[in-house]
Amino acid sequence: MRYWCLSTSIDNWKVCKENNLWGMDYRYYPTLAKFVNPGDKAVIYTSKNKRFVATVKFTGSYFYDDSDIGWNYLFPYRINFEILHENEKSPQINYTVSNDGNEANWFGDNLIDEISFIADKSRTWNQYFQVSIIRITEEDFNTIQNVIINQ
């Protein structure tokens, strides 16, 4: 089993939920075809509100379908999922370190400090969410899922 972080807009997440369906464009086809499998789990990150809002489990193999279901763009490489946990009010994540000359100024405690796949904790932390899918560790998945469940 692999663990993933999926990044999308709030509006596209609503469409995903309504259809129990995640979609990607051609850039992600090799990843989807070779590495994403039924039973894999993912955290869902929505970019506008800077939150992990759900965890899901993929329930089937990927397929191609270019029908319009309401996303902002066409995402024809698709895979079904079931929602494991959801919380649209989970804590926002944000940067917690800046520089003071050459020295780090670590000024906050935030979920971002508890997850390893976001190595850059500065203002440019959100670069990790510029892609639709990224592999994460089981430990990061569990940390994020626990926050979604308990907040």
# chains A, B, ... in the order shown; residues from 1 in each chain; ligands from 1

$ residues_around --residues "Arg135 (chain A)" --least-positions-apart "2" --cutoff "12 Å" --atoms "only C-alpha atoms" --output "short mmCIF file (atom, residue, chain, number, x, y, z; two decimals) with C-alpha atoms, in the first residue's frame"
data_model
loop_
_atom_site.label_atom_id
_atom_site.label_comp_id
_atom_site.auth_asym_id
_atom_site.auth_seq_id
_atom_site.Cartn_x
_atom_site.Cartn_y
_atom_site.Cartn_z
CA MET A 1 0.00 0.00 0.00
CA ARG A 2 1.18 3.50 -0.82
CA TYR A 3 0.19 6.82 0.70
CA TRP A 4 -0.39 10.02 -1.24
CA CYS A 5 -1.18 13.69 -0.85
CA LEU A 6 -3.70 15.01 -3.37
CA SER A 7 -3.96 18.75 -3.90
CA THR A 31 2.28 7.87 -11.90
CA LEU A 32 -1.36 6.83 -11.94
CA PHE A 35 2.11 3.40 -8.87
CA VAL A 36 -1.44 4.21 -7.68
CA ASP A 40 -3.85 3.06 -1.50
CA LYS A 41 -4.77 5.92 0.81
CA ALA A 42 -4.46 9.67 0.41
CA VAL A 43 -4.86 12.92 2.29
CA SER A 116 8.19 15.36 6.95
CA PHE A 117 7.20 15.55 3.28
CA ILE A 118 7.11 19.35 3.55
CA TYR A 128 4.85 21.00 -2.38
CA PHE A 129 1.22 21.50 -3.41
CA VAL A 131 1.36 19.23 -8.19
CA SER A 132 -1.83 17.17 -7.97
CA ILE A 133 -0.27 14.11 -6.37
CA THR A 137 5.02 8.38 4.24
CA GLU A 138 2.59 6.31 6.25
CA GLU A 139 3.69 8.32 9.29
CA ASP A 140 2.70 11.61 7.61
CA PHE A 141 -0.61 10.10 6.50
#

$ residues_around --residues "Gly108 (chain A)" --least-positions-apart "6" --cutoff "9 Å" --atoms "only C-alpha atoms" --output "VMD selection string"
chain A and resid 95 to 97

$ closest_residue --among "A:Asn126, A:Asn12, A:Gln145, A:Ser61" --to "Ile93 (chain A)" --atoms "only C-alpha atoms"
A:Asn126

$ select_by_dssp --residues "region 6-133 of chain A" --states "strand (DSSP E or B)" --output "ChimeraX atom specification"
/A:6-8,21-24,41-46,51-58,63-64,77-86,92,97-100,103-106,133

$ residues_around --residues "Asn99 (chain A)" --least-positions-apart "4" --cutoff "12 Å" --atoms "only C-alpha atoms" --output "JSON, numbers by chain"
{"A": [95, 103, 104, 105, 106, 107, 121, 122, 123]}

$ write_last_selection --atoms "N, CA and C atoms" --output "compact mmCIF listing (two decimals), in the first residue's frame"
# COMPACT_ATOMS: atom_id res chain seq x y z
N TYR A 95 3.63 28.57 7.18
CA TYR A 95 5.06 28.52 7.46
C TYR A 95 5.34 28.89 8.92
N GLU A 103 20.60 33.04 10.32
CA GLU A 103 20.04 32.17 11.35
C GLU A 103 18.53 31.99 11.17
N ALA A 104 18.08 30.81 11.54
CA ALA A 104 16.65 30.50 11.46
C ALA A 104 15.91 31.13 12.64
N ASN A 105 14.75 31.66 12.34
CA ASN A 105 13.85 32.18 13.37
C ASN A 105 12.60 31.30 13.34
N TRP A 106 12.55 30.32 14.23
CA TRP A 106 11.42 29.39 14.29
C TRP A 106 10.41 29.95 15.27
N PHE A 107 9.28 30.42 14.75
CA PHE A 107 8.37 31.22 15.57
C PHE A 107 7.02 30.60 15.82
N LYS A 121 9.90 24.72 5.60
CA LYS A 121 8.89 25.26 6.51
C LYS A 121 8.82 26.79 6.42
N SER A 122 9.45 27.39 5.40
CA SER A 122 9.46 28.85 5.25
C SER A 122 8.30 29.30 4.37
N ARG A 123 8.35 30.55 3.93
CA ARG A 123 7.27 31.12 3.12
C ARG A 123 7.00 30.35 1.83

$ closest_residue --among "A:Thr55, A:Asn72, A:Gln130, A:Ser47" --to "Asn94 (chain A)" --atoms "only C-alpha atoms"
A:Ser47

$ closest_atom_pairs --of "region 4-81 of chain A" --to "region 112-115 of chain A" --cutoff "12 Å" --atoms "only C-alpha atoms" --output "Markdown table"
| residue | atom | partner | partner_atom | distance |
| --- | --- | --- | --- | --- |
| A:Cys5 | CA | A:Ile115 | CA | 11.7 |
| A:Lys50 | CA | A:Ile112 | CA | 10.8 |
| A:Arg51 | CA | A:Ile112 | CA | 10.6 |
| A:Phe52 | CA | A:Ile112 | CA | 10.8 |

$ select_by_dssp --residues "chain A" --states "helix (DSSP H, G or I)" --output "mmCIF file with C-alpha atoms, in the first residue's frame"
data_model
loop_
_atom_site.group_PDB
_atom_site.id
_atom_site.type_symbol
_atom_site.label_atom_id
_atom_site.label_comp_id
_atom_site.auth_asym_id
_atom_site.auth_seq_id
_atom_site.Cartn_x
_atom_site.Cartn_y
_atom_site.Cartn_z
ATOM 1 C CA ILE A 10 -12.148 23.751 -2.903
ATOM 2 C CA ASP A 11 -14.528 23.758 -5.887
ATOM 3 C CA ASN A 12 -12.881 20.754 -7.526
ATOM 4 C CA TRP A 13 -12.926 18.882 -4.198
ATOM 5 C CA LYS A 14 -16.705 19.355 -4.062
ATOM 6 C CA VAL A 15 -17.011 17.756 -7.510
ATOM 7 C CA CYS A 16 -14.694 14.924 -6.442
ATOM 8 C CA LYS A 17 -16.826 14.238 -3.355
ATOM 9 C CA GLU A 18 -20.091 14.272 -5.300
ATOM 10 C CA ASN A 19 -18.708 11.662 -7.684
ATOM 11 C CA TYR A 26 -1.942 13.681 -18.875
ATOM 12 C CA ARG A 27 1.080 14.814 -16.823
ATOM 13 C CA TYR A 28 0.198 12.373 -14.056
ATOM 14 C CA TYR A 29 -0.700 9.388 -16.243
ATOM 15 C CA PRO A 30 2.593 7.478 -15.685
ATOM 16 C CA THR A 31 2.276 7.865 -11.904
ATOM 17 C CA LEU A 32 -1.359 6.826 -11.939
ATOM 18 C CA ALA A 33 -0.732 3.863 -14.256
ATOM 19 C CA LYS A 34 2.402 2.527 -12.545
ATOM 20 C CA LEU A 111 0.911 20.968 11.780
ATOM 21 C CA ILE A 112 3.516 21.725 9.107
ATOM 22 C CA ASP A 113 6.197 21.042 11.736
ATOM 23 C CA GLU A 114 4.823 17.538 12.361
ATOM 24 C CA TRP A 125 6.343 25.761 1.846
ATOM 25 C CA ASN A 126 3.362 25.629 -0.515
ATOM 26 C CA GLN A 127 5.575 24.581 -3.450
ATOM 27 C CA TYR A 128 4.847 21.004 -2.382
ATOM 28 C CA PHE A 129 1.218 21.501 -3.409
ATOM 29 C CA GLU A 138 2.592 6.305 6.251
ATOM 30 C CA GLU A 139 3.685 8.320 9.291
ATOM 31 C CA ASP A 140 2.704 11.613 7.609
ATOM 32 C CA PHE A 141 -0.608 10.097 6.502
ATOM 33 C CA ASN A 142 -1.387 8.973 10.056
ATOM 34 C CA THR A 143 -0.366 12.329 11.555
ATOM 35 C CA ILE A 144 -2.631 14.235 9.167
ATOM 36 C CA GLN A 145 -5.509 11.762 9.521
ATOM 37 C CA ASN A 146 -5.355 12.053 13.322
ATOM 38 C CA VAL A 147 -5.652 15.837 13.052
ATOM 39 C CA ILE A 148 -8.614 15.509 10.679
ATOM 40 C CA ILE A 149 -10.344 13.116 13.093
ATOM 41 C CA ASN A 150 -9.576 14.939 16.341
#

$ atom_distance --atom1 "CA of Thr124 (chain A)" --atom2 "CA of Asp25 (chain A)"
24.7 Å

$ closest_residue --among "A:Val56, A:Ser90, A:Tyr62, A:Gly101" --to "Tyr77 (chain A)" --atoms "only C-alpha atoms"
A:Tyr62

$ residues_around --residues "Pro38 (chain A)" --least-positions-apart "4" --cutoff "9 Å" --atoms "only C-alpha atoms" --output "JSON, numbers by chain"
{"A": [1, 57, 58, 59, 60, 61, 62, 79, 80, 81]}
